[in-house]
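Report on the following structure.
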Amino acid sequence: MTMLNSIGWVATAVFASSYFFRRPATLRKIQAGAALLWVAYGFLIGAMPVVVANVIVAVAAVYSTFAAQRGTRSSELESEAVAARVADSDS
């Protein structure tokens with residue numbers, strides 16, 4: 001097996017393994033890493049459709065990971081604010 005084929009097979013294994021992770025953020029991070037491996041593979045074999053498709057996947061995975069983290073933090077802050085207002089109204 002050539003080094004080039006190895007990159008493709010590792011990318012496939014990493015992407016497939018992402019589905020075994022239960023936490024969505026972990027799944028997206030693993031998929032982003034696999035997509036970057038596919039980008040490298042696509043460049044090496046001169047397949048721009050592979051490169052473009054996986055750049056899109058990597059960007060979407062990274063963006064959705066940060067958006068989810070930001071949303072979780074916003075929800076936590078909102079919950080704390082509501083709890084503070086309830087506590088103030090009880091006193």
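All residue names refer to the structure tokens as shown: chains lettered A, B, ... in order, residues numbered from 1 in each chain, ligands numbered from 1 in order.
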Using only C-alpha atoms, what table do you get, as CSV, when you list each residue of range 3-50 of chain A with an atom no more than 7 Å from range 60-71 of chain A, its nearest pair of atoms, and their distance in Å rounded to one decimal, rows by chain then rising number?
```
residue,atom,partner,partner_atom,distance
A:Ala25,CA,A:Thr65,CA,5.6
A:Arg28,CA,A:Ala61,CA,5.1
A:Lys29,CA,A:Ala61,CA,6.6
A:Gln31,CA,A:Ala61,CA,6.8
A:Ala32,CA,A:Ala61,CA,5.5
```
Can I get the selection written as a short mmCIF file (atom, residue, chain, number, x, y, z; two decimals), in the first residue's frame, with C-alpha atoms?
```
data_model
loop_
_atom_site.label_atom_id
_atom_site.label_comp_id
_atom_site.auth_asym_id
_atom_site.auth_seq_id
_atom_site.Cartn_x
_atom_site.Cartn_y
_atom_site.Cartn_z
CA ALA A 25 -19.34 17.94 19.61
CA ARG A 28 -18.14 16.93 14.68
CA LYS A 29 -14.50 17.38 15.73
CA GLN A 31 -15.43 14.52 11.25
CA ALA A 32 -13.59 17.81 10.78
#
```
Within 10 Å of range 45-54 of chain A using only C-alpha atoms, minus same-chain residues under 4 positions, as a PyMOL selection string: chain A and resi 4-5+31-32+34-41+58-60
Exercise: Ile30 in chain A partners within 7 Å, only C-alpha atoms, chain neighbours under 5 positions left out, as a PyMOL selection string: chain A and resi 14-15+18
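CA of Val57 in chain A lies 23.5 Å from CA of Met3 in chain A.
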Å distance separating CA of Phe43 in chain A from CA of Ser6 in chain A, one decimal place: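 Here the two named atoms are 14.3 Å from each other.
CA of Trp9 in chain A is found 19.5 Å from CA of Phe21 in chain A.
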